[in-house]
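> Here you go, input10.json (JSON, C-alpha atoms):
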[["chain", "number", "residue", "atom", "x", "y", "z"],
["A", 1, "MET", "CA", -153.43, -20.76, -39.37],
["A", 2, "ARG", "CA", -149.75, -21.05, -40.33],
["A", 3, "GLU", "CA", -148.29, -20.05, -43.67],
["A", 4, "PHE", "CA", -145.25, -21.59, -45.34],
["A", 5, "SER", "CA", -143.59, -21.54, -48.76],
["A", 6, "VAL", "CA", -141.12, -23.51, -50.88],
["A", 7, "ASP", "CA", -138.67, -21.84, -53.27],
["A", 8, "GLY", "CA", -136.20, -23.14, -55.85],
["A", 9, "VAL", "CA", -138.71, -24.98, -58.07],
["A", 10, "GLY", "CA", -139.26, -22.24, -60.65],
["A", 11, "ALA", "CA", -141.91, -20.62, -58.48],
["A", 12, "ARG", "CA", -142.59, -19.77, -54.87],
["A", 13, "LEU", "CA", -145.19, -22.26, -53.69],
["A", 14, "PHE", "CA", -147.42, -21.03, -50.88],
["A", 15, "ALA", "CA", -149.59, -23.08, -48.57],
["A", 16, "HIS", "CA", -151.52, -22.71, -45.34],
["A", 17, "GLU", "CA", -151.93, -25.23, -42.56],
["A", 18, "ASP", "CA", -153.77, -25.54, -39.29],
["A", 19, "GLY", "CA", -154.26, -28.09, -36.55],
["A", 20, "HIS", "CA", -152.26, -31.13, -35.53],
["A", 21, "GLY", "CA", -152.49, -34.85, -36.19],
["A", 22, "PRO", "CA", -152.76, -36.91, -39.41],
["A", 23, "ALA", "CA", -152.37, -34.74, -42.50],
["A", 24, "VAL", "CA", -155.27, -33.87, -44.82],
["A", 25, "VAL", "CA", -154.60, -31.88, -48.02],
["A", 26, "MET", "CA", -157.36, -30.20, -50.03],
["A", 27, "LEU", "CA", -156.62, -28.67, -53.45],
["A", 28, "HIS", "CA", -158.67, -25.86, -54.97],
["A", 29, "GLY", "CA", -159.90, -25.60, -58.56],
["A", 30, "ALA", "CA", -159.00, -23.20, -61.37],
["A", 31, "MET", "CA", -159.32, -19.41, -60.95],
["A", 32, "ALA", "CA", -159.21, -19.78, -57.17],
["A", 33, "ASN", "CA", -156.76, -20.15, -54.28],
["A", 34, "HIS", "CA", -156.57, -22.02, -50.97],
["A", 35, "LEU", "CA", -159.53, -20.05, -49.59],
["A", 36, "ALA", "CA", -161.84, -21.92, -51.98],
["A", 37, "ALA", "CA", -160.76, -25.30, -50.57],
["A", 38, "LEU", "CA", -160.34, -24.35, -46.92],
["A", 39, "PRO", "CA", -164.06, -24.43, -45.93],
["A", 40, "LEU", "CA", -164.24, -28.08, -47.01],
["A", 41, "ILE", "CA", -161.74, -29.21, -44.37],
["A", 42, "ALA", "CA", -161.48, -26.35, -41.84],
["A", 43, "PRO", "CA", -163.69, -28.17, -39.29],
["A", 44, "LEU", "CA", -161.16, -31.04, -39.26],
["A", 45, "ALA", "CA", -158.44, -28.82, -37.73],
["A", 46, "GLU", "CA", -159.52, -29.89, -34.25],
["A", 47, "ARG", "CA", -158.21, -33.41, -34.90],
["A", 48, "TYR", "CA", -156.13, -33.25, -38.09],
["A", 49, "ARG", "CA", -153.32, -31.24, -39.65],
["A", 50, "ILE", "CA", -155.07, -29.58, -42.57],
["A", 51, "ILE", "CA", -153.05, -28.23, -45.50],
["A", 52, "THR", "CA", -154.46, -26.02, -48.27],
["A", 53, "PRO", "CA", -151.92, -24.94, -50.92],
["A", 54, "ASP", "CA", -152.12, -22.19, -53.49],
["A", 55, "LEU", "CA", -151.44, -24.36, -56.53],
["A", 56, "ARG", "CA", -148.72, -23.28, -58.94],
["A", 57, "GLY", "CA", -150.23, -20.61, -61.19],
["A", 58, "SER", "CA", -152.85, -19.69, -58.58],
["A", 59, "GLY", "CA", -153.15, -17.39, -55.59],
["A", 60, "ARG", "CA", -149.73, -16.41, -54.23],
["A", 61, "SER", "CA", -147.96, -19.24, -56.10],
["A", 62, "TRP", "CA", -147.35, -17.09, -59.15],
["A", 63, "TYR", "CA", -146.22, -18.90, -62.29],
["A", 64, "GLY", "CA", -146.68, -17.95, -65.94],
["A", 65, "GLY", "CA", -145.16, -21.00, -67.64],
["A", 66, "PRO", "CA", -146.75, -24.17, -69.01],
["A", 67, "LEU", "CA", -148.46, -26.38, -66.44],
["A", 68, "THR", "CA", -148.74, -30.17, -66.31],
["A", 69, "PHE", "CA", -150.45, -32.61, -63.98],
["A", 70, "ASP", "CA", -147.12, -34.22, -63.08],
["A", 71, "GLN", "CA", -145.66, -30.84, -62.14],
["A", 72, "LEU", "CA", -148.67, -29.85, -60.04],
["A", 73, "ALA", "CA", -148.77, -33.24, -58.29],
["A", 74, "ASP", "CA", -145.06, -33.11, -57.54],
["A", 75, "ASP", "CA", -145.52, -29.61, -56.11],
["A", 76, "VAL", "CA", -147.82, -31.15, -53.50],
["A", 77, "ALA", "CA", -145.13, -33.70, -52.66],
["A", 78, "LEU", "CA", -142.56, -30.90, -52.26],
["A", 79, "LEU", "CA", -144.83, -29.00, -49.90],
["A", 80, "LEU", "CA", -145.34, -32.11, -47.79],
["A", 81, "ASP", "CA", -141.59, -32.75, -47.75],
["A", 82, "HIS", "CA", -141.01, -29.19, -46.56],
["A", 83, "ILE", "CA", -143.16, -29.67, -43.46],
["A", 84, "GLY", "CA", -142.02, -33.24, -42.81],
["A", 85, "VAL", "CA", -145.23, -35.04, -43.77],
["A", 86, "GLY", "CA", -144.74, -38.48, -45.26],
["A", 87, "GLN", "CA", -148.33, -39.50, -45.94],
["A", 88, "ALA", "CA", -151.62, -37.67, -46.19],
["A", 89, "VAL", "CA", -155.23, -37.91, -47.20],
["A", 90, "VAL", "CA", -155.27, -35.90, -50.43],
["A", 91, "GLY", "CA", -158.38, -34.34, -51.92],
["A", 92, "GLY", "CA", -159.34, -31.80, -54.52],
["A", 93, "VAL", "CA", -162.37, -29.90, -55.73],
["A", 94, "SER", "CA", -163.24, -29.46, -59.43],
["A", 95, "SER", "CA", -159.96, -29.32, -61.42],
["A", 96, "GLY", "CA", -158.09, -29.77, -58.12],
["A", 97, "SER", "CA", -159.54, -33.29, -58.01],
["A", 98, "GLY", "CA", -157.44, -34.15, -61.07],
["A", 99, "ILE", "CA", -154.26, -33.04, -59.31],
["A", 100, "ALA", "CA", -155.18, -35.09, -56.25],
["A", 101, "LEU", "CA", -155.76, -38.12, -58.47],
["A", 102, "ARG", "CA", -152.44, -37.58, -60.27],
["A", 103, "PHE", "CA", -150.69, -37.29, -56.91],
["A", 104, "ALA", "CA", -152.10, -40.66, -55.89],
["A", 105, "ARG", "CA", -150.87, -42.22, -59.14],
["A", 106, "ARG", "CA", -147.36, -40.71, -58.91],
["A", 107, "HIS", "CA", -146.97, -41.06, -55.15],
["A", 108, "PRO", "CA", -149.11, -44.04, -54.13],
["A", 109, "GLY", "CA", -147.03, -44.74, -51.04],
["A", 110, "ARG", "CA", -147.74, -41.26, -49.73],
["A", 111, "THR", "CA", -151.50, -41.29, -50.32],
["A", 112, "ILE", "CA", -153.58, -42.61, -47.43],
["A", 113, "ALA", "CA", -156.90, -41.92, -49.16],
["A", 114, "LEU", "CA", -158.46, -39.79, -51.90],
["A", 115, "VAL", "CA", -161.30, -37.28, -51.72],
["A", 116, "LEU", "CA", -162.64, -36.11, -55.10],
["A", 117, "VAL", "CA", -165.17, -33.29, -54.85],
["A", 118, "LYS", "CA", -167.13, -32.53, -58.01],
["A", 119, "PRO", "CA", -164.48, -34.07, -60.32],
["A", 120, "ILE", "CA", -164.44, -32.87, -63.92],
["A", 121, "TYR", "CA", -162.14, -35.39, -65.61],
["A", 122, "ALA", "CA", -163.13, -38.55, -67.51],
["A", 123, "GLY", "CA", -159.68, -39.52, -68.86],
["A", 124, "GLU", "CA", -157.95, -38.95, -72.18],
["A", 125, "ALA", "CA", -159.93, -41.72, -73.87],
["A", 126, "ARG", "CA", -163.13, -39.69, -73.39],
["A", 127, "GLY", "CA", -161.91, -36.14, -72.86],
["A", 128, "TYR", "CA", -164.19, -33.23, -72.04],
["A", 129, "SER", "CA", -167.89, -33.31, -72.82],
["A", 130, "ASP", "CA", -169.25, -30.78, -75.32],
["A", 131, "GLN", "CA", -170.67, -28.77, -72.43],
["A", 132, "GLN", "CA", -167.29, -28.69, -70.68],
["A", 133, "LYS", "CA", -165.54, -27.63, -73.88],
["A", 134, "ALA", "CA", -167.97, -24.76, -74.30],
["A", 135, "THR", "CA", -167.66, -23.68, -70.66],
["A", 136, "PHE", "CA", -163.87, -23.80, -70.55],
["A", 137, "GLY", "CA", -163.64, -22.14, -73.96],
["A", 138, "MET", "CA", -165.75, -19.25, -72.66],
["A", 139, "MET", "CA", -163.58, -19.03, -69.55],
["A", 140, "HIS", "CA", -160.38, -18.94, -71.58],
["A", 141, "ALA", "CA", -161.73, -16.27, -73.92],
["A", 142, "VAL", "CA", -162.10, -14.05, -70.86],
["A", 143, "ALA", "CA", -159.01, -15.12, -68.87],
["A", 144, "SER", "CA", -156.64, -14.84, -71.83],
["A", 145, "ARG", "CA", -157.19, -11.06, -71.79],
["A", 146, "ALA", "CA", -155.76, -10.72, -68.26],
["A", 147, "LEU", "CA", -152.25, -9.84, -69.44],
["A", 148, "GLU", "CA", -153.49, -6.85, -71.41],
["A", 149, "GLU", "CA", -156.46, -5.78, -69.30],
["A", 150, "GLY", "CA", -155.66, -7.01, -65.78],
["A", 151, "VAL", "CA", -157.41, -9.52, -63.56],
["A", 152, "GLN", "CA", -160.57, -7.39, -63.48],
["A", 153, "VAL", "CA", -161.59, -9.09, -66.74],
["A", 154, "LEU", "CA", -162.49, -12.15, -64.62],
["A", 155, "LYS", "CA", -165.40, -10.43, -62.89],
["A", 156, "PRO", "CA", -168.04, -11.77, -65.33],
["A", 157, "LEU", "CA", -166.98, -15.34, -64.48],
["A", 158, "TYR", "CA", -168.24, -14.86, -60.93],
["A", 159, "ALA", "CA", -171.37, -12.87, -61.78],
["A", 160, "ASN", "CA", -173.85, -15.73, -61.26],
["A", 161, "LEU", "CA", -172.55, -16.87, -57.87],
["A", 162, "PRO", "CA", -174.79, -16.33, -54.82],
["A", 163, "GLY", "CA", -174.18, -12.95, -53.16],
["A", 164, "GLY", "CA", -171.86, -13.87, -50.29],
["A", 165, "MET", "CA", -169.90, -16.34, -52.38],
["A", 166, "ARG", "CA", -169.57, -13.80, -55.20],
["A", 167, "GLU", "CA", -168.13, -11.17, -52.85],
["A", 168, "ARG", "CA", -165.57, -13.64, -51.51],
["A", 169, "ALA", "CA", -164.60, -14.69, -55.03],
["A", 170, "LEU", "CA", -164.13, -11.07, -56.14],
["A", 171, "ALA", "CA", -161.97, -10.34, -53.09],
["A", 172, "MET", "CA", -159.88, -13.42, -53.84],
["A", 173, "MET", "CA", -159.51, -12.32, -57.48],
["A", 174, "GLU", "CA", -157.78, -9.08, -56.43],
["A", 175, "GLY", "CA", -154.68, -11.04, -55.42],
["A", 176, "PHE", "CA", -154.35, -12.93, -58.72],
["A", 177, "ASP", "CA", -151.35, -12.54, -61.02],
["A", 178, "PRO", "CA", -152.31, -11.93, -64.69],
["A", 179, "ALA", "CA", -149.65, -14.28, -66.13],
["A", 180, "SER", "CA", -150.70, -17.01, -63.71],
["A", 181, "VAL", "CA", -154.34, -16.56, -64.70],
["A", 182, "VAL", "CA", -153.49, -17.06, -68.37],
["A", 183, "ALA", "CA", -151.29, -20.09, -67.64],
["A", 184, "THR", "CA", -153.96, -21.76, -65.51],
["A", 185, "SER", "CA", -156.72, -21.04, -68.01],
["A", 186, "HIS", "CA", -154.64, -22.44, -70.87],
["A", 187, "PHE", "CA", -153.93, -25.61, -68.87],
["A", 188, "VAL", "CA", -157.59, -26.27, -67.99],
["A", 189, "THR", "CA", -158.83, -25.42, -71.49],
["A", 190, "SER", "CA", -156.21, -27.63, -73.15],
["A", 191, "GLY", "CA", -158.18, -30.73, -72.18],
["A", 192, "ALA", "CA", -155.22, -32.38, -70.41],
["A", 193, "GLN", "CA", -156.40, -35.28, -68.27],
["A", 194, "PRO", "CA", -154.87, -36.87, -65.14],
["A", 195, "PHE", "CA", -155.28, -40.43, -66.50],
["A", 196, "MET", "CA", -155.83, -42.22, -69.80],
["A", 197, "ALA", "CA", -158.86, -44.40, -69.12],
["A", 198, "ALA", "CA", -160.81, -45.89, -66.23],
["A", 199, "ALA", "CA", -158.65, -49.04, -66.37],
["A", 200, "ASP", "CA", -155.65, -46.93, -65.32],
["A", 201, "LEU", "CA", -157.32, -46.32, -61.97],
["A", 202, "ALA", "CA", -157.55, -50.01, -61.08],
["A", 203, "SER", "CA", -154.11, -49.89, -59.47],
["A", 204, "LEU", "CA", -155.30, -47.33, -56.89],
["A", 205, "ALA", "CA", -156.07, -49.67, -54.03],
["A", 206, "LEU", "CA", -156.95, -47.03, -51.45],
["A", 207, "PRO", "CA", -160.09, -45.60, -49.87],
["A", 208, "THR", "CA", -161.73, -43.01, -52.15],
["A", 209, "LEU", "CA", -164.60, -40.66, -51.42],
["A", 210, "LEU", "CA", -166.41, -39.20, -54.44],
["A", 211, "VAL", "CA", -168.56, -36.17, -53.67],
["A", 212, "ARG", "CA", -171.12, -34.63, -56.01],
["A", 213, "ILE", "CA", -172.30, -31.14, -55.06],
["A", 214, "PRO", "CA", -175.70, -29.72, -56.06],
["A", 215, "ALA", "CA", -175.30, -27.13, -58.78],
["A", 216, "MET", "CA", -177.11, -23.82, -58.57],
["A", 217, "VAL", "CA", -178.87, -23.06, -61.84],
["A", 218, "ILE", "CA", -181.20, -20.27, -62.95],
["A", 219, "THR", "CA", -184.50, -21.38, -64.43],
["A", 220, "GLN", "CA", -186.23, -19.59, -67.30],
["A", 221, "SER", "CA", -188.51, -17.92, -64.76],
["A", 222, "GLY", "CA", -185.48, -16.45, -63.03],
["A", 223, "HIS", "CA", -185.73, -18.60, -59.91],
["A", 224, "ARG", "CA", -182.74, -20.40, -58.42],
["A", 225, "ASP", "CA", -183.04, -24.15, -58.46],
["A", 226, "ARG", "CA", -180.66, -26.63, -56.78],
["A", 227, "ARG", "CA", -180.08, -29.72, -58.86],
["A", 228, "PHE", "CA", -177.54, -32.50, -58.81],
["A", 229, "ARG", "CA", -175.32, -32.42, -61.87],
["A", 230, "ALA", "CA", -172.94, -35.17, -62.96],
["A", 231, "SER", "CA", -169.38, -33.89, -63.22]]
Is it possible to give me this structure as C-alpha cells?


Amino acid sequence: MREFSVDGVGARLFAHEDGHGPAVVMLHGAMANHLAALPLIAPLAERYRIITPDLRGSGRSWYGGPLTFDQLADDVALLLDHIGVGQAVVGGVSSGSGIALRFARRHPGRTIALVLVKPIYAGEARGYSDQQKATFGMMHAVASRALEEGVQVLKPLYANLPGGMRERALAMMEGFDPASVVATSHFVTSGAQPFMAAADLASLALPTLLVRIPAMVITQSGHRDRRFRAS
C-alpha cells in the first residue's frame, strides 16, 4: 500500500493505492473512510492500480465546510492528476456511488466504466424515500452532536453491525474529525442528489455495473436474516 495526499484545495486530501496497471477507484460511503471501500477492490491489486481515497470530510481528509457533489467529484480528479492517471474505472458504495456517478458526468472522458454498489440516490425529481429520510435524519441527530461531545457519539450508529465488522467500524471511528463528521452528515441528510432525473443519465455511454448487496436485518424473533433490499 502507498499513501499520497494533495494540498492547496482547502483541505488535505488523502488516498491510498496499491498494485500496477489500469486504474480502479472505489469511493466509500458516509461516516467511513477508505478502509470501508478497500475490501471491494483489494483483490484486483494483482492486475490493477487500485485507488481508495478518504473523501473530503472523511477519514484523514478533514474538512468542516459545506460539501457538494461537484466538489467531491473534482477532488477525485485532482487525486488522479496528482498520480498521473488520465482515465480510470470509478466506483462507489452507498453515498460514494453518487460521487462516482457525478464524476462520470463531470469528467466523462476520464471515466472508463462505472461501478455502483448499493446506490442510494434516485435523482432530484424523486429525492429520498420516506425510509431514507427517517434513517438519515436519525443519523444526523446523532452526528450533529460530535462537535460538542466528540466522535464517540457515533457508536450507536454501528451497534447493529455483525461483530467483526462492528469492531472495525469502531476502530475507524477513532480517527474521525468532529467537524468533518458534522459536515458529512449535513451533506447526506440535505437530500442533495448527483443528478436531476433518470433522463440525465442517458448521456453516460459507458459500461456500468450495478451491485445490490443483501442487507442484514433483525427479525422480531431476534434472528438475523439476509434479504435483498432495493437501494

> Tell me, in Å to one decimal, how far CA of Gly127 in chain A is from CA of Ala113 in chain A.

24.9 Å

> Need to verify the contact set: Ala197 in chain A, 9 Å, all atoms listed in the file, exclusion of same-chain residues closer than 2 positions in sequence. Can you return it as a ChimeraX atom specification?

/A:122-126,195,199-201

> Rank A:Pro22, A:Ser58, A:Ala15, A:Leu72 by their smallest atom-to-atom distance to Leu38 in chain A, using all atoms listed in the file, and report the top residue only.

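Closest to Leu38 in chain A of all the choices is A:Ala15.
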
> Could you check the closest approach to Leu116 in chain A for each of A:Leu35, A:Ala73, A:Leu27, A:Val153 and tell me which residue wins, using all atoms listed in the file?

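Once distances to Leu116 in chain A are computed over all atoms listed in the file, the minimum belongs to A:Leu27.
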
> What is the distance, in Å and to one decimal place, between CA of His140 in chain A and CA of Gly91 in chain A?

25.1 Å

> Please, what distance in Å, to one decimal, runs between CA of Leu210 in chain A and CA of Arg49 in chain A?

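Computed distance, CA of Leu210 in chain A to CA of Arg49 in chain A, equals 21.3 Å.
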
> I'd like to know which of A:Ala100, A:Leu55, A:Val211, A:Ala192 is closest to Arg12 in chain A, using only C-alpha atoms.

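Selected residue with least distance to Arg12 in chain A: A:Leu55.
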
> Counting all atoms listed in the file, write as a PyMOL selection string all protein and nucleic acid residues lying at most 6 Å from (-158.5, -22.6, -61.1) in the file's frame.

chain A and resi 29-32

> Would you export the selected residues with C-alpha atoms as a PDB file, keeping the file's coordinate frame, please?


ATOM      1  CA  GLY A  29    -159.900 -25.600 -58.560  1.00  0.00           C
ATOM      2  CA  ALA A  30    -159.000 -23.200 -61.370  1.00  0.00           C
ATOM      3  CA  MET A  31    -159.320 -19.410 -60.950  1.00  0.00           C
ATOM      4  CA  ALA A  32    -159.210 -19.780 -57.170  1.00  0.00           C
TER       5      ALA A  32
END

> Looking at all atoms listed in the file, which of A:Val151, A:Ala171, A:Met26, A:Met139 is the one that sits closest to Val93 in chain A?

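Of A:Val151, A:Ala171, A:Met26, A:Met139, the one nearest Val93 in chain A is A:Met26, counting all atoms listed in the file.
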
> Counting all atoms listed in the file, which residue out of A:Ser203, A:Thr111, A:Thr189, A:Ser180 sits closest to Leu147 in chain A?

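Among A:Ser203, A:Thr111, A:Thr189, A:Ser180, it is A:Ser180 that comes nearest to Leu147 in chain A.
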
> From the options A:Pro156, A:Gly109, A:Gly59, A:Gly96, which residue's atoms come nearest to Ala179 in chain A, counting all atoms listed in the file?

A:Gly59

> Identify, on the basis of all atoms listed in the file, every residue whose closest approach to Arg56 in chain A does not exceed 8 Å; exclude the query and any residue fewer than 4 positions from it along the same chain; express the result as an mmCIF file with C-alpha atoms, keeping the file's coordinate frame.


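Ended up saving to around26.cif:
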data_model
loop_
_atom_site.group_PDB
_atom_site.id
_atom_site.type_symbol
_atom_site.label_atom_id
_atom_site.label_comp_id
_atom_site.auth_asym_id
_atom_site.auth_seq_id
_atom_site.Cartn_x
_atom_site.Cartn_y
_atom_site.Cartn_z
ATOM 1 C CA ALA A 11 -141.910 -20.620 -58.480
ATOM 2 C CA LEU A 13 -145.190 -22.260 -53.690
ATOM 3 C CA SER A 61 -147.960 -19.240 -56.100
ATOM 4 C CA TRP A 62 -147.350 -17.090 -59.150
ATOM 5 C CA TYR A 63 -146.220 -18.900 -62.290
ATOM 6 C CA LEU A 72 -148.670 -29.850 -60.040
ATOM 7 C CA ASP A 75 -145.520 -29.610 -56.110
#

> Dump as number ranges by chain all residues having an atom at most 9 Å from (-155.0, -36.1, -36.6), computed in the file's coordinates with only C-alpha atoms.

A: 19-24, 44-50

> If you count all atoms listed in the file, which residues fall within 9 Å of Pro66 in chain A, apart from same-chain ones fewer than 6 positions away, as a list in words?

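Near Pro66 in chain A, the qualifying residues are Ala183, Thr184, His186 and Phe187 of chain A.
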